[in-house]
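Student: Have a look at this one before I ask anything.
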Amino acid sequence: MTRKQQSKVCVHLLEKEKPYYFSPEQQKSTSDSFFQNSLKLAWDNHHYIATCCCDQAQELKLYVRSNKGSGPFTLCRNPNTGPRHKSSCAYHSRVNTDGGAKTYSSSAVREEEDGTLRIGLDFSLRVSATDPERAAPATVHPPRERRQLNRLGKMKMLGLLHLLWENTGLNEWAPWLQGNRRLTTVMSRLHKEASNIKQGRTVLADVLLLQGNEHGNKKAVNYACAKSRRLIVISELNEWSPALIAGNSLPLTGTTKSAPPAGMPYLTIDNSRWESSLARFRRDVAWWQRGGKVIAIAVTDVPVKKTAQKSGREYFSTCVRQVVLMMVSERWIPLESSYEGIVEEKLAKERRQFTKPLIYDSAEDQYHPDFILTDVNGSDFVPLEVWGRDTEDYLQHRAVKEEWYQQAFGDSWWSWDAVRHPRGEEIPTFPQRKEYYEFRYPIEKES
Ligand SMILES: [Zn+2]
């Protein structure tokens, strides 16, 4: 792998008409230089946008840091943006160690010299012919641990889904994405990311079934059959109906009475396993019932080829061994509660730029903001929190988390007490946007 290199950066002092660009060479000097002076101006008046130029298609935010406020000044990547930088860029990190992924040790996930991401799942993708139940997936995804004592040496299914979501930027939103995040974009990004992730000798993309990816799905099924591999499926659930609760096939979008979705095998799931999964992901199921979008990630057995008795037609079938549900917004942003859904909707309507930190398999005592606003006037980023319950347990958790916020962010964090003010219109105003965003992405006045 090529060694990581400093990229060109852009510093836009917002009172100046044009942004300044600095080559890696120009960034080197730590004393009185145009670069250092520009960073000092940015640091002093807060009205700036600094970005890394490694990938022109994205706005990869940086912020100015200094130990003493006097220099030298440096640029740091915004939290949770490591995976979005080009792999050759010094700001790049394939594993987002600013967020939930720091819960893992290197045996659960690590980036290899050649840029491959090596993961250690808590089950094996390869199934041994002599002992098919060895290292098999658990029936139900385990609940979140209360406390974490040691880093986790294995990644679970929710962790894998969050890894894929975060590394493809699907947990970020910006006003210019409105109308541009379509199913095909989402699925092709997931596939591309998976083509560079390995467990043992299995490349994740080779065993990945994705919604609408007919050709790729057929290839994966044949591969899994020939090489004795489990399949990983990622797809939206079908529109909710009471019949789907009692069914015996995984109700993915595109499933009909007579056929599985595009290029996939029949995905059967025994009823008790499906019921326990629905009970495990209660909030996501409630979201689904109210018409919300829910993503399922499932792992199956090795698919088998069968022949229909009447028609003689050949088809593939496999059993689902474990399924994890994740509610998302219309914009595919993962959500943990319907209150978060209200906040996310309001953020998008107000054309805000934000990130949804993902928890992976981290324990409850690992704190993460519910959202991070990245377009705030006079600030690099501001965390947002939704307090969603008032049980005694939760209030205790809330007190500790408030303390954590105060320590990590001082007074610059925002919160909404959804239990005391459950109606959306009582959400406090979000911190103000930078003028630049107000000007470029004005909010259409409702008539
Ligand atoms: Zn970069």
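Just so we're on the same page: first chain in the structure tokens is A, next is B, and so on; residues restart at 1 for each chain, and ligands are numbered from 1 in the order they show up.
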List the spatial neighbours of segment 380-386 of chain A as a list of chain:residue names - criterion: any atom at most 6 Å away, only C-alpha atoms, same-chain residues fewer than 2 positions off excluded.

Tutor: A:Pro369, A:Asp370, A:Phe371, A:Ile372, A:Leu373, A:Thr374, A:Gly388, A:Trp413, A:Trp414, A:Ser415, A:Trp416

Student: Write the residues of the preceding selection, restricted to C-alpha atoms, as a PDB file, in the first residue's frame.

Tutor:
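The new file again.pdb reads:
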ATOM      1  CA  PRO A 369     -24.346  11.631  20.726  1.00  0.00           C
ATOM      2  CA  ASP A 370     -27.626  10.888  18.925  1.00  0.00           C
ATOM      3  CA  PHE A 371     -26.651  13.227  16.068  1.00  0.00           C
ATOM      4  CA  ILE A 372     -23.790  15.623  15.331  1.00  0.00           C
ATOM      5  CA  LEU A 373     -24.551  18.898  13.539  1.00  0.00           C
ATOM      6  CA  THR A 374     -21.675  19.933  11.284  1.00  0.00           C
ATOM      7  CA  GLY A 388     -36.711   9.598  25.185  1.00  0.00           C
ATOM      8  CA  TRP A 413     -24.581  20.628  23.028  1.00  0.00           C
ATOM      9  CA  TRP A 414     -28.272  20.600  22.272  1.00  0.00           C
ATOM     10  CA  SER A 415     -31.005  18.409  23.705  1.00  0.00           C
ATOM     11  CA  TRP A 416     -34.709  17.774  23.487  1.00  0.00           C
TER      12      TRP A 416
END

Student: Which residues form the shell of 7 Å around ligand 1 when you count only C-alpha atoms and all ligand atoms, given as a list in words?

Tutor: Ser7, Cys52, Cys53, Cys54, Asp55, Leu60, His85, Lys86, Cys89, Ala90, Tyr91 and His92 of chain A

Student: Can you list, as a PyMOL selection string, every protein, DNA or RNA residue that comes within 12 Å of segment 32-49 of chain A when you count only C-alpha atoms, leaving out same-chain residues fewer than 6 positions away?

Tutor: chain A and resi 8-26+59-76+78+374-381+433-437

Student: Keeping only N, CA and C atoms, take the residues you just selected and write them out as a compact mmCIF listing (two decimals), in the first residue's frame.

Tutor:
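Contents of part-v5.txt, as written:
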# COMPACT_ATOMS: atom_id res chain seq x y z
N LYS A 8 -3.93 18.26 -0.22
CA LYS A 8 -4.18 19.70 -0.32
C LYS A 8 -5.40 20.02 0.56
N VAL A 9 -5.36 21.16 1.23
CA VAL A 9 -6.53 21.52 2.04
C VAL A 9 -7.05 22.88 1.60
N CYS A 10 -8.30 23.13 1.92
CA CYS A 10 -8.94 24.39 1.56
C CYS A 10 -9.40 25.06 2.84
N VAL A 11 -9.04 26.32 3.00
CA VAL A 11 -9.51 27.08 4.16
C VAL A 11 -10.31 28.27 3.65
N HIS A 12 -11.57 28.30 3.97
CA HIS A 12 -12.44 29.38 3.49
C HIS A 12 -12.82 30.26 4.68
N LEU A 13 -12.17 31.41 4.78
CA LEU A 13 -12.56 32.37 5.81
C LEU A 13 -13.81 33.06 5.25
N LEU A 14 -14.90 32.98 5.95
CA LEU A 14 -16.17 33.28 5.29
C LEU A 14 -16.36 34.77 4.96
N GLU A 15 -15.57 35.64 5.61
CA GLU A 15 -15.71 37.05 5.22
C GLU A 15 -14.94 37.35 3.93
N LYS A 16 -14.00 36.44 3.57
CA LYS A 16 -13.27 36.59 2.31
C LYS A 16 -14.08 35.92 1.20
N GLU A 17 -14.00 36.52 0.02
CA GLU A 17 -14.82 35.97 -1.07
C GLU A 17 -14.32 34.60 -1.52
N LYS A 18 -12.99 34.49 -1.67
CA LYS A 18 -12.44 33.25 -2.22
C LYS A 18 -11.75 32.41 -1.14
N PRO A 19 -11.85 31.08 -1.29
CA PRO A 19 -11.13 30.22 -0.34
C PRO A 19 -9.64 30.16 -0.68
N TYR A 20 -8.82 29.81 0.29
CA TYR A 20 -7.39 29.60 0.06
C TYR A 20 -7.12 28.11 0.00
N TYR A 21 -6.21 27.73 -0.91
CA TYR A 21 -5.80 26.33 -1.00
C TYR A 21 -4.34 26.23 -0.57
N PHE A 22 -4.04 25.16 0.19
CA PHE A 22 -2.66 24.99 0.66
C PHE A 22 -2.16 23.61 0.28
N SER A 23 -1.05 23.58 -0.43
CA SER A 23 -0.45 22.30 -0.82
C SER A 23 0.18 21.66 0.41
N PRO A 24 0.49 20.35 0.35
CA PRO A 24 1.16 19.70 1.49
C PRO A 24 2.42 20.45 1.89
N GLU A 25 3.19 20.94 0.88
CA GLU A 25 4.43 21.69 1.16
C GLU A 25 4.13 22.93 1.99
N GLN A 26 3.10 23.67 1.56
CA GLN A 26 2.76 24.93 2.25
C GLN A 26 2.28 24.69 3.67
N GLU A 59 -17.35 16.99 0.65
CA GLU A 59 -16.86 18.08 1.49
C GLU A 59 -16.41 17.45 2.80
N LEU A 60 -15.12 17.17 2.92
CA LEU A 60 -14.61 16.49 4.11
C LEU A 60 -14.06 17.53 5.08
N LYS A 61 -14.86 17.81 6.10
CA LYS A 61 -14.56 18.91 7.01
C LYS A 61 -13.34 18.65 7.90
N LEU A 62 -12.62 19.72 8.12
CA LEU A 62 -11.50 19.71 9.06
C LEU A 62 -11.76 20.82 10.05
N TYR A 63 -11.14 20.78 11.19
CA TYR A 63 -11.24 21.91 12.09
C TYR A 63 -9.87 22.28 12.65
N VAL A 64 -9.75 23.53 13.08
CA VAL A 64 -8.46 24.06 13.51
C VAL A 64 -8.27 23.76 14.98
N ARG A 65 -7.09 23.28 15.31
CA ARG A 65 -6.76 23.01 16.70
C ARG A 65 -5.43 23.65 17.06
N SER A 66 -5.32 24.04 18.31
CA SER A 66 -4.06 24.54 18.80
C SER A 66 -4.01 24.25 20.28
N ASN A 67 -2.84 23.88 20.77
CA ASN A 67 -2.74 23.55 22.19
C ASN A 67 -2.98 24.74 23.08
N LYS A 68 -2.36 25.87 22.72
CA LYS A 68 -2.44 27.00 23.63
C LYS A 68 -3.25 28.15 23.06
N GLY A 69 -3.76 28.01 21.88
CA GLY A 69 -4.50 29.11 21.27
C GLY A 69 -3.56 30.11 20.61
N SER A 70 -2.27 29.79 20.62
CA SER A 70 -1.32 30.75 20.05
C SER A 70 -0.54 30.13 18.88
N GLY A 71 -0.65 28.87 18.70
CA GLY A 71 0.06 28.21 17.62
C GLY A 71 1.16 27.33 18.15
N PRO A 72 1.69 26.43 17.34
CA PRO A 72 1.24 26.25 15.96
C PRO A 72 -0.19 25.69 15.87
N PHE A 73 -0.84 26.05 14.77
CA PHE A 73 -2.20 25.58 14.55
C PHE A 73 -2.16 24.37 13.61
N THR A 74 -3.04 23.44 13.87
CA THR A 74 -3.11 22.25 13.00
C THR A 74 -4.55 22.03 12.58
N LEU A 75 -4.71 21.24 11.54
CA LEU A 75 -6.05 20.85 11.09
C LEU A 75 -6.30 19.40 11.48
N CYS A 76 -7.47 19.14 12.06
CA CYS A 76 -7.86 17.77 12.41
C CYS A 76 -9.09 17.40 11.61
N ASN A 78 -12.85 16.14 11.14
CA ASN A 78 -14.05 16.12 11.97
C ASN A 78 -14.31 14.71 12.46
N THR A 374 -23.00 19.54 11.77
CA THR A 374 -21.68 19.93 11.28
C THR A 374 -21.69 21.24 10.49
N ASP A 375 -22.76 22.02 10.63
CA ASP A 375 -22.84 23.28 9.86
C ASP A 375 -23.12 24.47 10.76
N VAL A 376 -22.73 24.36 12.05
CA VAL A 376 -23.16 25.34 13.04
C VAL A 376 -22.28 26.60 13.02
N ASN A 377 -22.94 27.72 13.16
CA ASN A 377 -22.25 29.01 13.19
C ASN A 377 -21.34 29.08 14.42
N GLY A 378 -20.08 29.39 14.19
CA GLY A 378 -19.15 29.60 15.30
C GLY A 378 -18.74 28.34 16.03
N SER A 379 -18.93 27.19 15.40
CA SER A 379 -18.58 25.94 16.07
C SER A 379 -18.20 24.89 15.03
N ASP A 380 -17.34 23.94 15.42
CA ASP A 380 -16.94 22.91 14.46
C ASP A 380 -18.02 21.85 14.30
N PHE A 381 -18.59 21.45 15.43
CA PHE A 381 -19.68 20.49 15.41
C PHE A 381 -20.40 20.57 16.75
N ARG A 433 -27.24 27.97 11.79
CA ARG A 433 -26.30 27.56 10.74
C ARG A 433 -25.30 28.68 10.44
N LYS A 434 -24.19 28.30 9.84
CA LYS A 434 -23.27 29.30 9.32
C LYS A 434 -24.00 30.08 8.24
N GLU A 435 -23.68 31.38 8.14
CA GLU A 435 -24.33 32.23 7.13
C GLU A 435 -24.18 31.66 5.73
N TYR A 436 -22.99 31.09 5.50
CA TYR A 436 -22.70 30.51 4.19
C TYR A 436 -23.77 29.49 3.78
N TYR A 437 -24.18 28.65 4.72
CA TYR A 437 -25.20 27.64 4.43
C TYR A 437 -26.57 28.29 4.29

Student: Give me, as a PyMOL selection string, all polymer residues having an atom no more than 12 Å from Ala129 of chain A, counting only C-alpha atoms and skipping those fewer than 5 positions away in the same chain.

Tutor: chain A and resi 134+225-229+301-302

Student: Write out the residues from the selection above, keeping N, CA and C atoms, as a PDB file, in the first residue's frame.

Tutor:
ATOM      1  N   ARG A 134     -20.492 -26.080  13.777  1.00  0.00           N
ATOM      2  CA  ARG A 134     -19.363 -25.436  14.448  1.00  0.00           C
ATOM      3  C   ARG A 134     -19.298 -23.959  14.050  1.00  0.00           C
ATOM      4  N   CYS A 225     -22.941 -21.843  -2.717  1.00  0.00           N
ATOM      5  CA  CYS A 225     -23.290 -23.249  -2.903  1.00  0.00           C
ATOM      6  C   CYS A 225     -22.034 -24.073  -3.186  1.00  0.00           C
ATOM      7  N   ALA A 226     -21.230 -23.578  -4.112  1.00  0.00           N
ATOM      8  CA  ALA A 226     -20.037 -24.314  -4.532  1.00  0.00           C
ATOM      9  C   ALA A 226     -18.964 -24.335  -3.447  1.00  0.00           C
ATOM     10  N   LYS A 227     -18.851 -23.242  -2.697  1.00  0.00           N
ATOM     11  CA  LYS A 227     -17.741 -23.114  -1.748  1.00  0.00           C
ATOM     12  C   LYS A 227     -18.164 -23.319  -0.291  1.00  0.00           C
ATOM     13  N   SER A 228     -19.400 -23.759  -0.081  1.00  0.00           N
ATOM     14  CA  SER A 228     -19.894 -24.031   1.266  1.00  0.00           C
ATOM     15  C   SER A 228     -19.797 -22.802   2.189  1.00  0.00           C
ATOM     16  N   ARG A 229     -20.402 -21.729   1.736  1.00  0.00           N
ATOM     17  CA  ARG A 229     -20.396 -20.489   2.510  1.00  0.00           C
ATOM     18  C   ARG A 229     -21.823 -20.089   2.909  1.00  0.00           C
ATOM     19  N   ASP A 301     -27.821 -20.265   6.161  1.00  0.00           N
ATOM     20  CA  ASP A 301     -27.027 -21.482   5.973  1.00  0.00           C
ATOM     21  C   ASP A 301     -26.484 -21.489   4.545  1.00  0.00           C
ATOM     22  N   VAL A 302     -25.736 -22.510   4.212  1.00  0.00           N
ATOM     23  CA  VAL A 302     -25.287 -22.680   2.827  1.00  0.00           C
ATOM     24  C   VAL A 302     -26.542 -22.950   1.976  1.00  0.00           C
TER      25      VAL A 302
END

Student: Under the rule that only C-alpha atoms are counted, which of A:Ser276, A:Gln289, A:Thr81, A:Gln407 is the nearest residue to Pro242 of chain A?

Tutor: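 For Pro242 of chain A, the nearest of the candidates is A:Gln289.
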
Student: In Å, with one decimal, what is the gap from atom CA of Ala136 of chain A to atom CA of Ser124 of chain A?

Tutor: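 Distance between the two atoms: 6.4 Å.
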